[in-house]
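Engineer: Contents are JSON, C-alpha atoms; file name target36.json:
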[["chain", "number", "residue", "atom", "x", "y", "z"],
["A", 12, "MET", "CA", -7.12, 4.29, 14.52],
["A", 13, "VAL", "CA", -8.60, 7.08, 16.57],
["A", 14, "ARG", "CA", -11.21, 9.79, 16.11],
["A", 15, "GLU", "CA", -8.82, 12.76, 16.21],
["A", 16, "LEU", "CA", -5.19, 13.64, 16.89],
["A", 17, "GLY", "CA", -5.50, 16.36, 19.52],
["A", 18, "LEU", "CA", -4.23, 16.49, 23.11],
["A", 19, "GLY", "CA", -6.30, 13.69, 24.67],
["A", 20, "ASP", "CA", -4.86, 10.76, 26.59],
["A", 21, "THR", "CA", -6.08, 8.21, 24.04],
["A", 22, "GLU", "CA", -4.35, 10.22, 21.33],
["A", 23, "ARG", "CA", -1.16, 10.27, 23.41],
["A", 24, "GLN", "CA", -1.33, 6.49, 23.88],
["A", 25, "LEU", "CA", -1.79, 5.97, 20.14],
["A", 26, "ARG", "CA", 1.17, 8.27, 19.42],
["A", 27, "GLU", "CA", 3.36, 6.40, 21.93],
["A", 28, "LEU", "CA", 2.42, 3.09, 20.40],
["A", 29, "ALA", "CA", 3.12, 4.28, 16.85],
["A", 30, "LEU", "CA", 6.45, 5.85, 17.79],
["A", 31, "THR", "CA", 7.77, 2.91, 19.81],
["A", 32, "LEU", "CA", 6.92, 0.05, 17.46],
["A", 33, "ASP", "CA", 9.96, -1.83, 16.19],
["A", 34, "ARG", "CA", 10.36, -0.34, 12.71],
["A", 35, "SER", "CA", 12.27, -3.40, 11.52],
["A", 36, "ARG", "CA", 9.06, -5.39, 12.03],
["A", 37, "PHE", "CA", 6.23, -2.86, 11.76],
["A", 38, "GLN", "CA", 5.37, 0.15, 9.64],
["A", 39, "PRO", "CA", 2.69, 2.07, 11.55],
["A", 40, "HIS", "CA", -0.07, 3.95, 9.75],
["A", 41, "VAL", "CA", -2.60, 6.10, 11.62],
["A", 42, "GLY", "CA", -6.22, 6.38, 10.54],
["A", 43, "CYS", "CA", -8.58, 9.02, 11.92],
["A", 44, "PHE", "CA", -11.61, 11.18, 11.21],
["A", 45, "CYS", "CA", -9.76, 14.44, 12.00],
["A", 46, "PRO", "CA", -5.97, 14.55, 11.37],
["A", 47, "ASP", "CA", -5.39, 18.01, 12.87],
["A", 48, "GLY", "CA", -3.82, 18.62, 16.25],
["A", 49, "LEU", "CA", -0.63, 18.25, 18.23],
["A", 50, "ARG", "CA", -0.45, 14.44, 17.98],
["A", 51, "GLY", "CA", -0.90, 14.67, 14.22],
["A", 52, "GLU", "CA", 2.04, 17.06, 14.00],
["A", 53, "GLU", "CA", 4.20, 14.73, 16.11],
["A", 54, "LEU", "CA", 3.28, 11.70, 14.00],
["A", 55, "ARG", "CA", 3.97, 13.54, 10.74],
["A", 56, "ALA", "CA", 7.34, 14.71, 12.13],
["A", 57, "ALA", "CA", 8.14, 11.02, 12.74],
["A", 58, "GLN", "CA", 7.14, 10.29, 9.12],
["A", 59, "ILE", "CA", 4.21, 8.09, 10.13],
["A", 60, "PRO", "CA", 1.54, 8.14, 7.43],
["A", 61, "ILE", "CA", -1.82, 9.55, 8.53],
["A", 62, "VAL", "CA", -4.96, 8.83, 6.54],
["A", 63, "ARG", "CA", -8.24, 10.66, 7.08],
["A", 64, "PHE", "CA", -11.50, 8.80, 6.65],
["A", 65, "PRO", "CA", -14.17, 11.49, 6.08],
["A", 66, "VAL", "CA", -16.92, 10.44, 8.49],
["A", 67, "ARG", "CA", -18.95, 13.23, 10.10],
["A", 68, "SER", "CA", -21.98, 11.18, 11.07],
["A", 69, "PHE", "CA", -22.77, 7.48, 10.96],
["A", 70, "TYR", "CA", -26.17, 8.44, 9.58],
["A", 71, "ALA", "CA", -24.64, 10.01, 6.46],
["A", 72, "PRO", "CA", -24.14, 7.99, 3.25],
["A", 73, "SER", "CA", -20.53, 9.21, 3.22],
["A", 74, "THR", "CA", -19.81, 6.63, 5.95],
["A", 75, "ILE", "CA", -20.13, 3.84, 3.39],
["A", 76, "CYS", "CA", -17.74, 5.68, 1.07],
["A", 77, "ALA", "CA", -15.29, 6.18, 3.95],
["A", 78, "ALA", "CA", -15.49, 2.46, 4.81],
["A", 79, "ARG", "CA", -14.72, 1.63, 1.19],
["A", 80, "GLU", "CA", -11.75, 4.05, 1.29],
["A", 81, "MET", "CA", -10.50, 2.37, 4.46],
["A", 82, "GLY", "CA", -10.82, -1.07, 2.90],
["A", 83, "GLU", "CA", -8.90, 0.07, -0.17],
["A", 84, "TYR", "CA", -6.20, 1.58, 2.05],
["A", 85, "LEU", "CA", -5.88, -1.68, 3.99],
["A", 86, "ARG", "CA", -5.54, -3.63, 0.76],
["A", 87, "ARG", "CA", -3.17, -1.17, -0.97],
["A", 88, "TYR", "CA", -0.72, -1.07, 1.96],
["A", 89, "HIS", "CA", -1.15, -4.73, 2.96],
["A", 90, "ILE", "CA", -2.12, -3.76, 6.51],
["A", 91, "GLN", "CA", -1.84, -6.86, 8.68],
["A", 92, "LEU", "CA", -3.21, -5.50, 11.95],
["A", 93, "VAL", "CA", -5.88, -2.89, 12.66],
["A", 94, "HIS", "CA", -6.10, -1.48, 16.18],
["A", 95, "THR", "CA", -8.99, 0.89, 16.94],
["A", 96, "PHE", "CA", -9.21, 3.14, 19.99],
["A", 97, "ASP", "CA", -12.61, 3.76, 21.60],
["A", 98, "VAL", "CA", -15.92, 5.06, 20.29],
["A", 99, "PRO", "CA", -16.49, 6.00, 17.51],
["A", 100, "PHE", "CA", -13.59, 4.19, 15.83],
["A", 101, "ASN", "CA", -14.48, 0.83, 17.36],
["A", 102, "LEU", "CA", -17.87, 1.19, 15.66],
["A", 103, "PHE", "CA", -16.39, 2.20, 12.30],
["A", 104, "GLY", "CA", -12.98, 0.54, 12.10],
["A", 105, "VAL", "CA", -13.65, -2.92, 13.54],
["A", 106, "PRO", "CA", -16.51, -3.87, 11.16],
["A", 107, "THR", "CA", -14.71, -2.31, 8.19],
["A", 108, "ALA", "CA", -11.45, -4.13, 8.90],
["A", 109, "ARG", "CA", -13.36, -7.37, 9.47],
["A", 110, "ALA", "CA", -15.17, -6.93, 6.13],
["A", 111, "TYR", "CA", -11.78, -6.58, 4.43],
["A", 112, "ARG", "CA", -10.18, -9.49, 6.27],
["A", 113, "ALA", "CA", -10.33, -11.53, 3.06],
["A", 114, "TYR", "CA", -8.00, -8.90, 1.57],
["A", 115, "ARG", "CA", -5.23, -9.72, 4.06],
["A", 116, "THR", "CA", -6.16, -7.86, 7.24],
["A", 117, "PRO", "CA", -5.82, -10.87, 9.51],
["A", 118, "VAL", "CA", -5.86, -9.23, 12.98],
["A", 119, "VAL", "CA", -8.39, -6.73, 14.32],
["A", 120, "ILE", "CA", -7.99, -5.32, 17.84],
["A", 121, "SER", "CA", -10.15, -2.76, 19.61],
["A", 122, "SER", "CA", -9.44, -0.77, 22.75],
["A", 123, "GLN", "CA", -11.96, 0.21, 25.37],
["A", 124, "ARG", "CA", -10.62, 2.89, 27.68],
["A", 125, "ALA", "CA", -13.77, 3.90, 29.58],
["A", 126, "PHE", "CA", -16.79, 2.24, 31.14],
["A", 127, "ARG", "CA", -19.58, 1.76, 28.61],
["A", 128, "THR", "CA", -22.05, 3.39, 30.96],
["A", 129, "LEU", "CA", -20.43, 6.68, 29.86],
["A", 130, "SER", "CA", -21.39, 6.03, 26.22],
["A", 131, "PRO", "CA", -24.82, 6.85, 24.81],
["A", 132, "PRO", "CA", -27.17, 3.90, 25.50],
["A", 133, "MET", "CA", -27.78, 3.23, 21.80],
["A", 134, "THR", "CA", -24.06, 2.57, 21.19],
["A", 135, "ARG", "CA", -23.74, -0.17, 23.82],
["A", 136, "PRO", "CA", -25.35, -2.97, 21.75],
["A", 137, "LEU", "CA", -23.27, -1.88, 18.75],
["A", 138, "LEU", "CA", -20.09, -2.03, 20.82],
["A", 139, "GLN", "CA", -21.07, -5.47, 22.10],
["A", 140, "PHE", "CA", -21.39, -6.52, 18.47],
["A", 141, "THR", "CA", -17.96, -5.11, 17.53],
["A", 142, "ASP", "CA", -16.43, -6.83, 20.58],
["A", 143, "ARG", "CA", -17.29, -10.15, 18.99],
["A", 144, "LEU", "CA", -15.87, -9.11, 15.62],
["A", 145, "ALA", "CA", -12.48, -8.24, 17.13],
["A", 146, "ASP", "CA", -9.72, -10.75, 17.76],
["A", 147, "ALA", "CA", -8.99, -8.98, 21.05],
["A", 148, "VAL", "CA", -10.26, -6.11, 23.17],
["A", 149, "VAL", "CA", -7.55, -4.19, 25.03],
["A", 150, "VAL", "CA", -8.37, -2.40, 28.29],
["A", 151, "ASN", "CA", -6.14, -0.42, 30.64],
["A", 152, "CYS", "CA", -7.23, -1.75, 34.03],
["A", 153, "GLN", "CA", -8.73, -4.79, 35.76],
["A", 154, "ALA", "CA", -11.91, -2.90, 36.67],
["A", 155, "LEU", "CA", -12.62, -2.23, 33.00],
["A", 156, "ARG", "CA", -11.91, -5.86, 32.15],
["A", 157, "GLN", "CA", -14.38, -6.95, 34.82],
["A", 158, "HIS", "CA", -16.97, -4.46, 33.50],
["A", 159, "LEU", "CA", -16.68, -5.79, 29.95],
["A", 160, "VAL", "CA", -16.86, -9.44, 31.00],
["A", 161, "GLU", "CA", -19.63, -9.12, 33.60],
["A", 162, "ASP", "CA", -21.76, -6.22, 32.37],
["A", 163, "GLU", "CA", -21.17, -6.27, 28.61],
["A", 164, "ARG", "CA", -20.81, -10.07, 28.32],
["A", 165, "VAL", "CA", -17.56, -9.96, 26.35],
["A", 166, "PRO", "CA", -15.93, -13.41, 26.35],
["A", 167, "PRO", "CA", -13.13, -13.24, 28.97],
["A", 168, "GLU", "CA", -10.56, -14.74, 26.60],
["A", 169, "LEU", "CA", -10.97, -11.72, 24.30],
["A", 170, "VAL", "CA", -10.21, -9.08, 26.95],
["A", 171, "HIS", "CA", -6.56, -8.25, 27.63],
["A", 172, "VAL", "CA", -5.27, -5.77, 30.21],
["A", 173, "TYR", "CA", -2.37, -3.50, 29.23],
["A", 174, "TYR", "CA", -1.79, -0.81, 31.81],
["A", 175, "ASN", "CA", -1.10, 2.77, 30.82],
["A", 176, "GLY", "CA", 2.49, 3.81, 31.33],
["A", 177, "ILE", "CA", 4.71, 6.83, 31.16],
["A", 178, "HIS", "CA", 8.29, 7.40, 30.10],
["A", 179, "THR", "CA", 10.15, 7.77, 33.39],
["A", 180, "SER", "CA", 12.86, 9.72, 31.57],
["A", 181, "CYS", "CA", 10.24, 12.44, 30.89],
["A", 182, "PHE", "CA", 8.30, 12.31, 34.16],
["A", 183, "ARG", "CA", 10.20, 11.87, 37.40],
["A", 184, "PRO", "CA", 10.50, 13.79, 40.67],
["A", 185, "LEU", "CA", 13.29, 16.35, 40.69],
["A", 186, "HIS", "CA", 13.98, 15.80, 44.40],
["A", 187, "ALA", "CA", 12.29, 14.43, 47.48],
["A", 188, "ARG", "CA", 9.82, 16.81, 49.12],
["A", 189, "ARG", "CA", 10.42, 17.72, 52.75],
["A", 190, "VAL", "CA", 7.42, 17.25, 55.01],
["A", 191, "PRO", "CA", 7.10, 20.01, 57.65],
["A", 192, "ALA", "CA", 7.49, 18.71, 61.21],
["A", 193, "PHE", "CA", 3.99, 19.83, 62.22],
["A", 194, "ALA", "CA", 2.46, 17.68, 59.45],
["A", 195, "THR", "CA", 3.77, 14.46, 60.96],
["A", 196, "GLY", "CA", 1.73, 14.71, 64.18],
["A", 197, "PRO", "CA", 2.80, 14.54, 67.81],
["A", 198, "SER", "CA", 6.09, 12.92, 68.63]]
Kindly present the structure from the file in structure tokens form.
Structural biologist:
Amino acid sequence: MVRELGLGDTERQLRELALTLDRSRFQPHVGCFCPDGLRGEELRAAQIPIVRFPVRSFYAPSTICAAREMGEYLRRYHIQLVHTFDVPFNLFGVPTARAYRAYRTPVVISSQRAFRTLSPPMTRPLLQFTDRLADAVVVNCQALRQHLVEDERVPPELVHVYYNGIHTSCFRPLHARRVPAFATGPS
């Protein structure tokens, strides 16, 4: 689950995850607030269901309706694992999935891909709350793990590091670059 399906790196990571899951074991579904964008097109082309939860503001009453829609979706499709990516979906998806855990959503995972000091100050206590509702919090580097454990007081056993990666078949050097002789210094 992610806010939107545009060009961002988080959106790319979600797409990679959804496309590379073993389809004999998993049927990915993608939930978002805004389904438009390049990643949405790629996911639809791969026949991955995308569901929009109509949240424009957490202050609007429609948020409760959207949470109910999400819970019904989880129950209808027997979703066994919910994985949210960053603010605002950690704030919306984690508590909603946890509330519907009794309806067979046994695992709830959140991802934190940036330092919390970059988030508005009022969201930090809410994120600390959702950290404790999740079964795991995934981060992409040791520094972020340390930040969550030391600064945000997330229990260390909840935080798991999974480094970002790229497909080397798509991104690799074409040939070695030659360094001009003058760039190497005196001989």
Engineer: Between atom CA of Arg156 of chain A and atom CA of Pro106 of chain A, what is the distance, to one decimal in Å?
Structural biologist: 21.6 Å
Engineer: Between A:Gly19, A:Pro46, A:Gly104, A:Pro136, single out the one closest to Leu85 of chain A, counting all atoms listed in the file.
Structural biologist: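 So, comparing all the options, the nearest one is A:Gly104.
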Engineer: In Å, how far is it from atom CA of Gln58 of chain A to atom CA of Asp33 of chain A?
Structural biologist: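 So the answer is 14.3 Å.
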Engineer: Quick one: distance from atom CA of Ile90 of chain A to atom CA of Thr116 of chain A in Å, one decimal?
Structural biologist: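 Between these atoms lies a distance of 5.8 Å.
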Engineer: So that I can check the surroundings of Val62 of chain A, please list as a PyMOL selection string every protein, DNA and RNA residue that reaches within 10 Å of it, counting only C-alpha atoms and ignoring chain neighbours fewer than 6 positions away.
Structural biologist: chain A and resi 12+40-46+80-81+84
Engineer: Tell me, as a PyMOL selection string, which residues lie within 10 Å of segment 118-134 of chain A, counting all atoms listed in the file; anything in the same chain fewer than 2 positions away does not count.
Structural biologist: chain A and resi 12+20-21+90-102+104-109+112+115-116+136-142+144-152+154-156+158-159+162-163+169-173
Engineer: Let me make sure I understand: among A:Gln24, A:Gln153, A:Tyr111, A:Phe103, which one has the smallest atom-to-atom distance to Ser68 of chain A if we use only C-alpha atoms?
Structural biologist: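 Selected residue with least distance to Ser68 of chain A: A:Phe103.
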Engineer: Nearest residue to Phe64 of chain A out of A:Asp47, A:Gln157, A:Pro166, A:Arg14, using all atoms listed in the file?
Structural biologist: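 For Phe64 of chain A, the nearest of the candidates is A:Arg14.
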